[in-house]
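What follows is structure.pdb (PDB, C-alpha atoms, pLDDT in the B column).
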```pdb
ATOM      1  CA  MET U   1     110.934 105.359 108.239  1.00 69.00           C
ATOM      2  CA  ASN U   2     110.343 102.277 110.311  1.00 78.00           C
ATOM      3  CA  ILE U   3     109.903  99.079 108.290  1.00 83.00           C
ATOM      4  CA  PRO U   4     108.384  96.208 110.288  1.00 79.00           C
ATOM      5  CA  GLU U   5     111.003  93.441 110.584  1.00 83.00           C
ATOM      6  CA  ASN U   6     108.615  90.730 109.401  1.00 86.00           C
ATOM      7  CA  ASN U   7     107.369  92.740 106.381  1.00 89.00           C
ATOM      8  CA  SER U   8     107.613  90.581 103.246  1.00 89.00           C
ATOM      9  CA  LEU U   9     108.395  93.719 101.189  1.00 88.00           C
ATOM     10  CA  LYS U  10     111.257  94.835 103.466  1.00 90.00           C
ATOM     11  CA  ALA U  11     114.020  94.431 100.843  1.00 90.00           C
ATOM     12  CA  GLU U  12     112.007  96.277  98.188  1.00 91.00           C
ATOM     13  CA  ILE U  13     111.058  99.064 100.610  1.00 87.00           C
ATOM     14  CA  GLU U  14     114.708  99.513 101.606  1.00 90.00           C
ATOM     15  CA  GLU U  15     115.694  99.677  97.929  1.00 89.00           C
ATOM     16  CA  LEU U  16     112.907 102.178  97.269  1.00 87.00           C
ATOM     17  CA  LEU U  17     113.965 104.408 100.170  1.00 89.00           C
ATOM     18  CA  GLN U  18     117.514 104.387  98.821  1.00 89.00           C
ATOM     19  CA  LEU U  19     116.251 105.279  95.335  1.00 86.00           C
ATOM     20  CA  CYS U  20     114.253 108.181  96.790  1.00 86.00           C
ATOM     21  CA  LYS U  21     117.288 109.422  98.698  1.00 89.00           C
ATOM     22  CA  GLU U  22     119.473 109.257  95.594  1.00 84.00           C
ATOM     23  CA  SER U  23     116.893 111.222  93.590  1.00 84.00           C
ATOM     24  CA  GLU U  24     116.818 114.145  96.058  1.00 83.00           C
ATOM     25  CA  GLU U  25     119.617 115.990  94.270  1.00 82.00           C
ATOM     26  CA  GLU U  26     117.721 115.955  90.965  1.00 78.00           C
ATOM     27  CA  TYR U  27     114.145 116.311  92.244  1.00 77.00           C
ATOM     28  CA  GLY U  28     114.530 117.951  95.667  1.00 83.00           C
ATOM     29  CA  GLU U  29     113.994 116.731  99.211  1.00 82.00           C
ATOM     30  CA  ASP U  30     110.203 117.050  98.926  1.00 82.00           C
ATOM     31  CA  ALA U  31     109.986 114.800  95.857  1.00 83.00           C
ATOM     32  CA  SER U  32     109.162 111.780  98.022  1.00 89.00           C
ATOM     33  CA  TYR U  33     107.286 111.296 101.271  1.00 90.00           C
ATOM     34  CA  PHE U  34     105.920 108.368 103.241  1.00 89.00           C
ATOM     35  CA  ASN U  35     103.140 108.925 105.792  1.00 93.00           C
ATOM     36  CA  GLU U  36     102.423 106.804 108.841  1.00 93.00           C
ATOM     37  CA  PRO U  37     101.261 103.182 108.352  1.00 93.00           C
ATOM     38  CA  VAL U  38      97.627 102.140 108.261  1.00 95.00           C
ATOM     39  CA  SER U  39      96.299 100.272 111.278  1.00 95.00           C
ATOM     40  CA  GLU U  40      95.029  96.710 111.030  1.00 95.00           C
ATOM     41  CA  GLN U  41      91.675  98.012 112.248  1.00 97.00           C
ATOM     42  CA  GLU U  42      91.413 100.526 109.389  1.00 96.00           C
ATOM     43  CA  MET U  43      92.205  97.802 106.836  1.00 97.00           C
ATOM     44  CA  THR U  44      89.652  95.432 108.379  1.00 97.00           C
ATOM     45  CA  GLU U  45      86.966  98.134 108.554  1.00 97.00           C
ATOM     46  CA  TRP U  46      87.451  98.989 104.871  1.00 97.00           C
ATOM     47  CA  GLU U  47      87.269  95.315 103.890  1.00 97.00           C
ATOM     48  CA  GLU U  48      84.080  94.768 105.905  1.00 97.00           C
ATOM     49  CA  ALA U  49      82.430  97.963 104.616  1.00 96.00           C
ATOM     50  CA  ASN U  50      83.230  97.119 100.980  1.00 96.00           C
ATOM     51  CA  GLY U  51      82.999  93.321 101.005  1.00 95.00           C
ATOM     52  CA  VAL U  52      86.441  93.160  99.408  1.00 95.00           C
ATOM     53  CA  LYS U  53      89.751  91.770 100.661  1.00 96.00           C
ATOM     54  CA  ILE U  54      92.816  93.968 100.275  1.00 97.00           C
ATOM     55  CA  PRO U  55      95.563  91.764  98.765  1.00 97.00           C
ATOM     56  CA  GLU U  56      98.056  90.680 101.421  1.00 95.00           C
ATOM     57  CA  SER U  57     101.038  92.195  99.601  1.00 94.00           C
ATOM     58  CA  TYR U  58      99.330  95.599  99.624  1.00 96.00           C
ATOM     59  CA  LYS U  59      98.508  95.173 103.306  1.00 95.00           C
ATOM     60  CA  GLU U  60     102.254  94.685 103.813  1.00 94.00           C
ATOM     61  CA  TRP U  61     102.797  98.004 102.014  1.00 94.00           C
ATOM     62  CA  LEU U  62     100.132  99.697 104.147  1.00 95.00           C
ATOM     63  CA  ARG U  63     101.891  98.433 107.277  1.00 94.00           C
ATOM     64  CA  PHE U  64     104.825 100.560 106.095  1.00 94.00           C
ATOM     65  CA  THR U  65     102.967 103.662 104.808  1.00 93.00           C
ATOM     66  CA  GLY U  66      99.381 104.771 104.425  1.00 91.00           C
ATOM     67  CA  LYS U  67     100.078 107.375 101.759  1.00 92.00           C
ATOM     68  CA  CYS U  68     103.184 108.216  99.837  1.00 89.00           C
ATOM     69  CA  ARG U  69     104.655 109.986  96.849  1.00 90.00           C
ATOM     70  CA  ILE U  70     107.648 108.408  95.152  1.00 89.00           C
ATOM     71  CA  VAL U  71     110.146 110.583  93.281  1.00 88.00           C
ATOM     72  CA  SER U  72     107.978 113.486  92.172  1.00 82.00           C
ATOM     73  CA  ASN U  73     105.243 112.078  89.942  1.00 81.00           C
ATOM     74  CA  THR U  74     106.617 108.554  89.453  1.00 86.00           C
ATOM     75  CA  ALA U  75     104.006 107.066  91.789  1.00 90.00           C
ATOM     76  CA  THR U  76     101.581 107.924  94.561  1.00 92.00           C
ATOM     77  CA  PHE U  77      99.819 105.314  96.675  1.00 95.00           C
ATOM     78  CA  TRP U  78      96.992 105.691  99.177  1.00 95.00           C
ATOM     79  CA  GLY U  79      95.471 104.038 102.173  1.00 94.00           C
ATOM     80  CA  PRO U  80      91.930 102.627 102.316  1.00 96.00           C
ATOM     81  CA  SER U  81      90.310 105.984 103.079  1.00 94.00           C
ATOM     82  CA  GLU U  82      91.288 107.143  99.571  1.00 95.00           C
ATOM     83  CA  PHE U  83      90.632 103.946  97.592  1.00 96.00           C
ATOM     84  CA  HIS U  84      87.994 104.382  94.903  1.00 94.00           C
ATOM     85  CA  SER U  85      86.560 102.758  91.790  1.00 92.00           C
ATOM     86  CA  ASP U  86      85.836 105.865  89.718  1.00 90.00           C
ATOM     87  CA  TYR U  87      86.513 105.583  85.975  1.00 90.00           C
ATOM     88  CA  VAL U  88      87.683 101.947  86.096  1.00 93.00           C
ATOM     89  CA  PRO U  89      85.928  98.630  85.454  1.00 92.00           C
ATOM     90  CA  GLU U  90      83.703  97.412  88.291  1.00 93.00           C
ATOM     91  CA  ASP U  91      86.173  94.715  89.397  1.00 95.00           C
ATOM     92  CA  LEU U  92      88.968  97.213  90.118  1.00 96.00           C
ATOM     93  CA  VAL U  93      89.870  99.319  93.149  1.00 96.00           C
ATOM     94  CA  VAL U  94      92.188 102.279  92.515  1.00 96.00           C
ATOM     95  CA  ILE U  95      95.012 102.462  95.066  1.00 96.00           C
ATOM     96  CA  GLY U  96      97.329 104.975  93.417  1.00 95.00           C
ATOM     97  CA  GLU U  97      98.736 106.647  90.348  1.00 93.00           C
ATOM     98  CA  MET U  98     101.843 106.130  88.243  1.00 89.00           C
ATOM     99  CA  ILE U  99     103.835 108.471  86.063  1.00 82.00           C
ATOM    100  CA  GLY U 100     101.550 111.452  86.739  1.00 69.00           C
ATOM    101  CA  ASP U 101      99.781 111.177  83.393  1.00 75.00           C
ATOM    102  CA  GLY U 102      96.473 109.679  84.487  1.00 81.00           C
ATOM    103  CA  GLU U 103      97.617 106.065  84.745  1.00 89.00           C
ATOM    104  CA  VAL U 104      96.218 104.421  87.850  1.00 93.00           C
ATOM    105  CA  VAL U 105      97.237 101.327  89.772  1.00 95.00           C
ATOM    106  CA  CYS U 106      94.397  99.083  90.908  1.00 96.00           C
ATOM    107  CA  PHE U 107      93.826  95.716  92.430  1.00 96.00           C
ATOM    108  CA  SER U 108      91.228  93.270  91.208  1.00 96.00           C
ATOM    109  CA  LYS U 109      88.466  92.542  93.704  1.00 96.00           C
ATOM    110  CA  THR U 110      88.219  88.966  92.427  1.00 95.00           C
ATOM    111  CA  THR U 111      91.810  87.902  91.670  1.00 96.00           C
ATOM    112  CA  GLY U 112      93.846  90.213  93.896  1.00 96.00           C
ATOM    113  CA  GLU U 113      96.146  91.010  90.958  1.00 96.00           C
ATOM    114  CA  PHE U 114      97.548  94.497  90.543  1.00 95.00           C
ATOM    115  CA  ILE U 115      96.716  96.212  87.284  1.00 94.00           C
ATOM    116  CA  GLU U 116      97.888  99.357  85.550  1.00 93.00           C
ATOM    117  CA  PHE U 117      94.911 101.097  83.930  1.00 92.00           C
ATOM    118  CA  PHE U 118      95.250 104.004  81.502  1.00 89.00           C
ATOM    119  CA  GLU U 119      92.830 105.573  79.032  1.00 86.00           C
ATOM    120  CA  ARG U 120      90.217 102.859  79.567  1.00 86.00           C
ATOM    121  CA  LYS U 121      92.720 100.091  78.846  1.00 88.00           C
ATOM    122  CA  VAL U 122      94.276  97.466  81.066  1.00 86.00           C
ATOM    123  CA  GLY U 123      98.061  97.624  80.972  1.00 86.00           C
ATOM    124  CA  ALA U 124     100.571  95.497  82.815  1.00 88.00           C
ATOM    125  CA  THR U 125      99.369  93.117  85.501  1.00 92.00           C
ATOM    126  CA  TYR U 126     101.300  91.859  88.514  1.00 94.00           C
ATOM    127  CA  ASP U 127     100.624  88.944  90.840  1.00 95.00           C
ATOM    128  CA  ASP U 128     101.489  91.035  93.878  1.00 94.00           C
ATOM    129  CA  PHE U 129     102.529  94.536  94.900  1.00 94.00           C
ATOM    130  CA  ARG U 130     106.204  93.564  94.638  1.00 93.00           C
ATOM    131  CA  GLY U 131     105.736  93.619  90.840  1.00 93.00           C
ATOM    132  CA  VAL U 132     104.456  97.193  91.004  1.00 94.00           C
ATOM    133  CA  LEU U 133     107.502  98.220  93.036  1.00 92.00           C
ATOM    134  CA  LYS U 134     109.818  96.539  90.521  1.00 91.00           C
ATOM    135  CA  GLU U 135     108.155  98.555  87.742  1.00 90.00           C
ATOM    136  CA  ILE U 136     108.865 101.749  89.713  1.00 87.00           C
ATOM    137  CA  PHE U 137     112.527 100.720  89.967  1.00 85.00           C
ATOM    138  CA  ARG U 138     112.628 100.081  86.216  1.00 85.00           C
ATOM    139  CA  ILE U 139     111.114 103.479  85.472  1.00 81.00           C
ATOM    140  CA  GLN U 140     113.491 105.311  87.792  1.00 78.00           C
ATOM    141  CA  LYS U 141     116.521 103.473  86.472  1.00 74.00           C
ATOM    142  CA  LYS U 142     115.277 104.274  82.962  1.00 64.00           C
ATOM    143  CA  GLU U 143     115.540 100.641  81.960  1.00 52.00           C
ATOM    144  CA  SER U 144     113.773  99.353  78.881  1.00 51.00           C
ATOM    145  CA  PRO U 145     110.878  96.961  79.502  1.00 56.00           C
ATOM    146  CA  ILE U 146     112.393  94.877  76.666  1.00 59.00           C
ATOM    147  CA  PRO U 147     115.592  92.931  77.484  1.00 64.00           C
ATOM    148  CA  HIS U 148     118.671  94.398  75.775  1.00 61.00           C
ATOM    149  CA  GLU U 149     119.312  91.330  73.602  1.00 72.00           C
ATOM    150  CA  GLU U 150     115.726  91.298  72.348  1.00 71.00           C
ATOM    151  CA  LEU U 151     115.838  95.038  71.666  1.00 68.00           C
ATOM    152  CA  MET U 152     119.055  94.648  69.639  1.00 76.00           C
ATOM    153  CA  SER U 153     117.437  91.837  67.652  1.00 80.00           C
ATOM    154  CA  ILE U 154     114.423  94.031  66.867  1.00 81.00           C
ATOM    155  CA  LEU U 155     116.677  96.902  65.780  1.00 83.00           C
ATOM    156  CA  ASP U 156     118.695  94.543  63.537  1.00 84.00           C
ATOM    157  CA  GLU U 157     115.479  93.340  61.903  1.00 87.00           C
ATOM    158  CA  ILE U 158     114.350  96.940  61.290  1.00 87.00           C
ATOM    159  CA  LYS U 159     117.716  97.732  59.686  1.00 87.00           C
ATOM    160  CA  ALA U 160     117.425  94.642  57.481  1.00 87.00           C
ATOM    161  CA  MET U 161     113.882  95.612  56.442  1.00 86.00           C
ATOM    162  CA  ARG U 162     115.094  99.107  55.520  1.00 88.00           C
ATOM    163  CA  ALA U 163     117.982  97.645  53.509  1.00 89.00           C
ATOM    164  CA  ARG U 164     115.479  95.457  51.596  1.00 90.00           C
ATOM    165  CA  GLY U 165     113.255  98.511  50.985  1.00 89.00           C
ATOM    166  CA  GLU U 166     110.402  97.128  53.071  1.00 85.00           C
ATOM    167  CA  LEU U 167     110.255 100.236  55.268  1.00 76.00           C
TER
END
```
So, in terms of structure tokens, how does the structure I just supplied come out?
Amino acid sequence: MNIPENNSLKAEIEELLQLCKESEEEYGEDASYFNEPVSEQEMTEWEEANGVKIPESYKEWLRFTGKCRIVSNTATFWGPSEFHSDYVPEDLVVIGEMIGDGEVVCFSKTTGEFIEFFERKVGATYDDFRGVLKEIFRIQKKESPIPHEELMSILDEIKAMRARGEL
């Protein structure tokens, strides 16, 4: 895949491509794909037709790929022709799916933030698309969303509560 040299997500895209390559043995060569980029004209036409600005960090992503699947069902993202607002609050535009369980990734029409939305609830939010990519890395590396030290502290407290008969 060709990554534009001036793409602000270049480092993350390179890391993602490496992650996809490494996962081929476990998931197969067809587990990931990246289609051709979206043209500036297509992005502009969608924005004009919908009266909404696509966040710049997602435009950077679209300059790399218009549609993709990342490591089986970890994530799928679309270009403007597949954006929609079905089943989400009015302020959101669905741009993809995560984890293959019905969780969608959206951007806010008003703030430009990226939002995970699942079962009618807002989940994590990210200032830009880089945050979404970092979450994909965390999922694939099977890292806990809680830092190790904090997790150990929580487990110690649970053990102490059990010892005191509180659980």
Please write as a ChimeraX atom specification the full residue list that the PyMOL selection byres ((chain U and resi 40) around 12) yields on this file. /U:37-39,41-47,54,56,59-64,66,79-80
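Picture a line from atom CA of U:Pro4 to atom CA of U:Phe83; it runs 23.2 Å.
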Smallest atom-to-atom distance to U:Asn35: which of U:Leu19, U:Ser72, U:Glu12, U:Lys67, using all atoms listed in the file?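 That would be U:Lys67, the residue with the smallest distance to U:Asn35.
Residue neighbourhood of stretch 103-116 of chain U, excluding near-sequence residues (fewer than 3 positions): Val52, Pro55, Asp91, Leu92, Val93, Val94, Ile95, Gly96, Glu97, Met98, Ile99, Gly100, Val122, Gly123, Ala124, Thr125, Tyr126, Asp127, Asp128 and Phe129 of chain U, at 7 Å, using all atoms listed in the file.
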Separation of atom CA of U:Glu26 from atom CA of U:Thr65, in Å and rounded to one decimal: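 Atom-to-atom, atom CA of U:Glu26 and atom CA of U:Thr65 are spaced 23.7 Å apart.
With atom CA of U:Glu25 on one side and atom CA of U:Val132 on the other, the separation reads 24.4 Å.
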In terms of the shortest atom-to-atom distance over all atoms listed in the file, which of U:Gly102, U:Gly165, U:Pro89, U:Gly28 is closest to U:Ile70?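 Answer, going by the shortest atom-to-atom distance: U:Gly28.
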